[in-house]
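Asker: I am attaching a structure below and will ask some questions about it afterwards.
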Amino acid sequence: MQIYTIFLTFQAGKLKNFGFSFLLFIFLPYLCTIITKRRHTPPHHPTPITHHPTPMNKKFAHRYLLPALGCGLVIIGLLYYYFMSDLSASDKTQYVCIDRDDNVDSVFAKLTPIANAHALTGYKTLVRHSGYADHVRTGRYAIEPGDGALTVFRHLKNGIQTPVNLTIPSVRTLDRLASAVGRKLMIDSAEVMQALNDPIVMQKYGYDSTTIACLFIPNTYDMYWNISLENFLDRMKRENNNFWNADRKAKAQMAGLTENQVVTMASIIDEETANDDEKPMIAGMYLNRLKIGMPLQADPTIKFALKQFDLKRIWGYMLKTQSPYNTYTNIGLPPGPIRVPSVAGINAVLDYEHHNYLYMCAKEDFSGTHNFAVTYAEHLKNAERYSKALNERGIK
């Protein structure tokens, strides 16, 4: 009768506070025992104190205490089975992402494939006896091996999330960056692109349509999956400010460049080579050209102007492309970066190598590195070798 009473009390849904229900589960058998004892116990008469159990004490223990203890153990076992045993059916950490469109039913649907049936029943019971259905909280939640329904419920109800590692990549276009963000966060990639093309947003962070890529410093950042777009961009601005410390600002000034110009040159260098060891050498060559007012003549800027990033060879007619990014026809740096540059590329500009080279040409061994030259005559010889290698391979 006591177990049945507890079960009805729990299932009726009248006790919405689980902690209070738990106390009742534990103490209700004891209370029933006391009430029963008082109901059947005759009026009290003083009796001598004895240290030996009487038949009445043994009868009381067998009739009331042992059944109450048994009921308590059964209840504790049921509580552990439904609310404290592993919710996840896997021995590895599982993740559940709850977005803005989710409700309590869709949360159940996301938990079902990874949950043990009995623990999921316990979780649903907890939800039914709380206000969670009216306050579903977005987020990415980790379900560790050993986490019971009570622990998972507490995390989801209180929004206790596990941060994600978001890597801002060095990419050629902003739409690729937006896609990378959209794959890791609740923010949709279209939202990111819309913001990065919004003049008001760009002005807020001190950029325009040609320099907005300068906002992003490639690195891996910990942040919550459900971060808002505004908070995400604010975070990127803080990380940008942290990156441009006093030392880097001083180096940029010594090179005669603004922060955005450093990023712009770094973006060209990253397109020129993937060899980090060679990047400071290329940076030194471009800076030498800037100092004497010589066009940079950087082939990657032609690819960017044409929006043909897969070009294997730059032909003479392409050098006449009308674009502010054409560094053959325009002196100085282009208006902004032609990609989101790597940190290695940025540091290469800040720590450029001092030398007298004015020319470079890709090596004929296609190693991704370059032959450097001081004079144009030397450069023509290097270019001839590279052109011959292209022709031999049939690259057009």
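Residue numbering restarts at 1 for every chain of the structure tokens, chains are lettered A, B, ... in their displayed order, and ligands are numbered from 1 as they appear.
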Write out as a tab-separated table a residue-level contact list of range 205-321 of chain A versus range 358-381 of chain A with cut-off 7 Å: for each qualifying residue the closest pair of atoms and the distance in Å to one decimal, counting only C-alpha atoms, rows sorted by chain and residue number upward.

Answerer:
```
residue	atom	partner	partner_atom	distance
A:Thr273	CA	A:Gly368	CA	5.9
A:Asn275	CA	A:Thr369	CA	6.9
A:Met285	CA	A:Leu358	CA	5.4
A:Asn288	CA	A:Leu358	CA	6.5
A:Arg289	CA	A:Leu358	CA	6.3
```

Asker: Take the residues that were just selected and, keeping N, CA and C atoms, output them as a CSV table (one decimal), in the first residue's frame.

Answerer:
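Produced file again-v4.csv, reproduced below:
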```
chain,number,residue,atom,x,y,z
A,273,THR,N,52.8,31.6,-51.8
A,273,THR,CA,53.5,30.3,-51.3
A,273,THR,C,52.8,29.8,-50.1
A,275,ASN,N,54.9,27.9,-48.2
A,275,ASN,CA,56.1,27.7,-47.5
A,275,ASN,C,56.3,28.9,-46.5
A,285,MET,N,60.8,41.5,-50.4
A,285,MET,CA,60.8,41.9,-51.8
A,285,MET,C,59.6,42.9,-52.1
A,288,ASN,N,60.4,46.3,-50.7
A,288,ASN,CA,61.4,47.0,-51.5
A,288,ASN,C,60.7,47.7,-52.7
A,289,ARG,N,59.8,47.0,-53.3
A,289,ARG,CA,59.1,47.6,-54.4
A,289,ARG,C,58.2,48.8,-54.0
```

Asker: Would you give me, as a PDB file with C-alpha atoms, in the first residue's frame, the residues in range 62-131 of chain A that DSSP reads as helix (DSSP H, G or I)?

Answerer:
```pdb
ATOM      1  CA  HIS A  62       9.278  -7.480  12.031  1.00  0.00           C
ATOM      2  CA  ARG A  63       5.942  -5.871  11.334  1.00  0.00           C
ATOM      3  CA  TYR A  64       6.980  -2.269  10.583  1.00  0.00           C
ATOM      4  CA  LEU A  65      10.687  -1.500  10.405  1.00  0.00           C
ATOM      5  CA  LEU A  66      11.753  -4.295   8.077  1.00  0.00           C
ATOM      6  CA  PRO A  67       8.967  -3.681   5.537  1.00  0.00           C
ATOM      7  CA  ALA A  68       9.678   0.054   5.684  1.00  0.00           C
ATOM      8  CA  LEU A  69      13.369  -0.597   5.122  1.00  0.00           C
ATOM      9  CA  GLY A  70      12.547  -2.894   2.221  1.00  0.00           C
ATOM     10  CA  CYS A  71      10.280  -0.287   0.664  1.00  0.00           C
ATOM     11  CA  GLY A  72      12.998   2.312   1.052  1.00  0.00           C
ATOM     12  CA  LEU A  73      15.576   0.120  -0.673  1.00  0.00           C
ATOM     13  CA  VAL A  74      13.194  -0.623  -3.528  1.00  0.00           C
ATOM     14  CA  ILE A  75      12.460   3.064  -3.967  1.00  0.00           C
ATOM     15  CA  ILE A  76      16.154   3.969  -3.888  1.00  0.00           C
ATOM     16  CA  GLY A  77      16.846   1.271  -6.457  1.00  0.00           C
ATOM     17  CA  LEU A  78      14.107   2.585  -8.757  1.00  0.00           C
ATOM     18  CA  LEU A  79      15.345   6.140  -8.360  1.00  0.00           C
ATOM     19  CA  TYR A  80      18.865   5.104  -9.302  1.00  0.00           C
ATOM     20  CA  TYR A  81      17.693   2.992 -12.241  1.00  0.00           C
ATOM     21  CA  TYR A  82      15.559   5.721 -13.817  1.00  0.00           C
ATOM     22  CA  PHE A  83      17.328   8.918 -12.796  1.00  0.00           C
ATOM     23  CA  MET A  84      20.985   8.209 -11.991  1.00  0.00           C
ATOM     24  CA  VAL A 104      10.321  19.605 -25.842  1.00  0.00           C
ATOM     25  CA  ASP A 105       9.200  16.942 -28.326  1.00  0.00           C
ATOM     26  CA  SER A 106      12.088  17.570 -30.705  1.00  0.00           C
ATOM     27  CA  VAL A 107      14.478  17.442 -27.749  1.00  0.00           C
ATOM     28  CA  PHE A 108      13.079  13.998 -26.911  1.00  0.00           C
ATOM     29  CA  ALA A 109      13.570  13.015 -30.563  1.00  0.00           C
ATOM     30  CA  LYS A 110      17.231  14.097 -30.449  1.00  0.00           C
ATOM     31  CA  LEU A 111      17.867  12.179 -27.222  1.00  0.00           C
ATOM     32  CA  THR A 112      16.112   8.981 -28.278  1.00  0.00           C
ATOM     33  CA  PRO A 113      18.808   7.592 -30.654  1.00  0.00           C
ATOM     34  CA  ILE A 114      21.562   7.940 -28.057  1.00  0.00           C
ATOM     35  CA  ALA A 117      15.127   3.578 -22.789  1.00  0.00           C
ATOM     36  CA  HIS A 118      14.733   3.443 -19.004  1.00  0.00           C
ATOM     37  CA  ALA A 119      16.854   6.570 -18.450  1.00  0.00           C
ATOM     38  CA  LEU A 120      14.941   8.413 -21.152  1.00  0.00           C
ATOM     39  CA  THR A 121      11.743   7.510 -19.301  1.00  0.00           C
ATOM     40  CA  GLY A 122      13.242   9.063 -16.175  1.00  0.00           C
ATOM     41  CA  TYR A 123      14.239  12.171 -18.137  1.00  0.00           C
ATOM     42  CA  LYS A 124      10.730  12.559 -19.549  1.00  0.00           C
ATOM     43  CA  THR A 125       9.305  12.192 -16.043  1.00  0.00           C
ATOM     44  CA  LEU A 126      11.528  15.002 -14.803  1.00  0.00           C
ATOM     45  CA  VAL A 127      10.484  17.195 -17.720  1.00  0.00           C
ATOM     46  CA  ARG A 128       6.822  16.468 -17.054  1.00  0.00           C
TER      47      ARG A 128
END
```

Asker: Pick out the closest residue to Leu166 in chain A from this set: A:Ile227, A:Leu196, A:Leu150, A:Val263. Count only C-alpha atoms.

Answerer: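 Of the candidates, the smallest distance to Leu166 in chain A is held by A:Ile227.
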
Asker: Rounded to one decimal, what separation in Å do you get between CA of Gln194 in chain A and CA of Thr138 in chain A?

Answerer: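 A separation of 22.5 Å between them.
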
Asker: What does the structure give for the distance between CA of Val192 in chain A and CA of Asn165 in chain A, in Å to one decimal?

Answerer: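 CA of Val192 in chain A sits 17.9 Å away from CA of Asn165 in chain A.
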
Asker: Please report the interatomic distance between CA of Arg100 in chain A and CA of Ala115 in chain A in Å with one decimal.

Answerer: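 Going from CA of Arg100 in chain A over to CA of Ala115 in chain A covers 22.3 Å.
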
Asker: Closest to Asp270 in chain A among A:Ser170, A:Asn356, A:Gln297, A:Ser323, using only C-alpha atoms?

Answerer: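 Smallest distance to Asp270 in chain A is found for A:Ser170.
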
Asker: Pick out each residue of range 20-244 of chain A that DSSP on the backbone tags as strand (DSSP E or B); I need them as a PyMOL selection string.

Answerer: chain A and resi 86+88+94-98+115+139-143+148+164-168+219-223

Asker: Out of A:Ser88, A:Arg137, A:Gly336, A:Arg176, which residue has the shortest atom-to-atom distance to Asn103 in chain A when counting only C-alpha atoms?

Answerer: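 Counting only C-alpha atoms, the residue closest to Asn103 in chain A is A:Arg137.
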
Asker: Using only C-alpha atoms, can you tell me which of A:Asn330, A:Gly139, A:Val181, A:Ala133 comes closest to Met294 in chain A?

Answerer: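 Closest candidate: A:Asn330.
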
Asker: In terms of the shortest atom-to-atom distance over only C-alpha atoms, which of A:Glu230, A:Asp86, A:Asp134, A:Asp222 is closest to Lys204 in chain A?

Answerer: A:Glu230

Asker: Can you pull out every residue within 10 Å of Glu239 in chain A, counting only C-alpha atoms, but drop anything in the same chain fewer than 2 positions away, and send it as a compact mmCIF listing (two decimals) with N, CA, C and O atoms, in the first residue's frame?

Answerer:
```
# COMPACT_ATOMS: atom_id res chain seq x y z
N LEU A 215 39.10 41.83 -40.14
CA LEU A 215 38.55 41.61 -38.80
C LEU A 215 38.96 40.25 -38.24
O LEU A 215 39.16 40.10 -37.03
N PHE A 216 39.12 39.26 -39.10
CA PHE A 216 39.28 37.88 -38.66
C PHE A 216 40.75 37.48 -38.58
O PHE A 216 41.49 37.59 -39.55
N ILE A 217 41.14 37.01 -37.41
CA ILE A 217 42.48 36.48 -37.19
C ILE A 217 42.38 34.96 -37.09
O ILE A 217 41.79 34.44 -36.14
N PRO A 218 42.91 34.23 -38.07
CA PRO A 218 42.78 32.76 -38.03
C PRO A 218 43.38 32.17 -36.76
O PRO A 218 44.53 32.41 -36.43
N ASN A 219 42.56 31.43 -36.07
CA ASN A 219 42.97 30.77 -34.83
C ASN A 219 41.81 29.89 -34.40
O ASN A 219 40.76 29.87 -35.04
N TYR A 221 39.14 29.22 -31.38
CA TYR A 221 38.55 29.93 -30.25
C TYR A 221 37.49 29.06 -29.58
O TYR A 221 36.72 28.36 -30.25
N LEU A 233 30.64 38.51 -33.59
CA LEU A 233 31.45 39.56 -34.22
C LEU A 233 32.17 40.41 -33.18
O LEU A 233 33.32 40.82 -33.38
N ASP A 234 31.50 40.64 -32.05
CA ASP A 234 32.17 41.37 -30.95
C ASP A 234 33.38 40.58 -30.47
O ASP A 234 34.44 41.17 -30.18
N ARG A 235 33.23 39.27 -30.37
CA ARG A 235 34.35 38.43 -29.93
C ARG A 235 35.50 38.51 -30.93
O ARG A 235 36.67 38.60 -30.55
N MET A 236 35.17 38.47 -32.22
CA MET A 236 36.21 38.55 -33.24
C MET A 236 36.94 39.90 -33.16
O MET A 236 38.16 39.95 -33.36
N LYS A 237 36.23 40.95 -32.84
CA LYS A 237 36.87 42.26 -32.71
C LYS A 237 37.79 42.28 -31.50
O LYS A 237 38.91 42.84 -31.56
N ASN A 241 41.79 42.92 -31.53
CA ASN A 241 42.48 43.92 -30.70
C ASN A 241 43.60 43.29 -29.88
O ASN A 241 44.67 43.88 -29.71
N ASN A 242 43.34 42.07 -29.37
CA ASN A 242 44.37 41.37 -28.60
C ASN A 242 45.56 40.99 -29.48
O ASN A 242 46.71 41.03 -29.03
N PHE A 243 45.26 40.60 -30.71
CA PHE A 243 46.33 40.21 -31.63
C PHE A 243 47.23 41.40 -31.95
O PHE A 243 48.47 41.27 -31.95
N TRP A 244 46.62 42.54 -32.20
CA TRP A 244 47.40 43.72 -32.57
C TRP A 244 47.87 44.43 -31.29
O TRP A 244 47.43 45.51 -30.94
```

Asker: Between A:Met318, A:Ile331, A:Ile168, A:Val262, which one has atoms that come closest to Ile292 in chain A, using only C-alpha atoms?

Answerer: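 Answer, going by the shortest atom-to-atom distance: A:Ile331.
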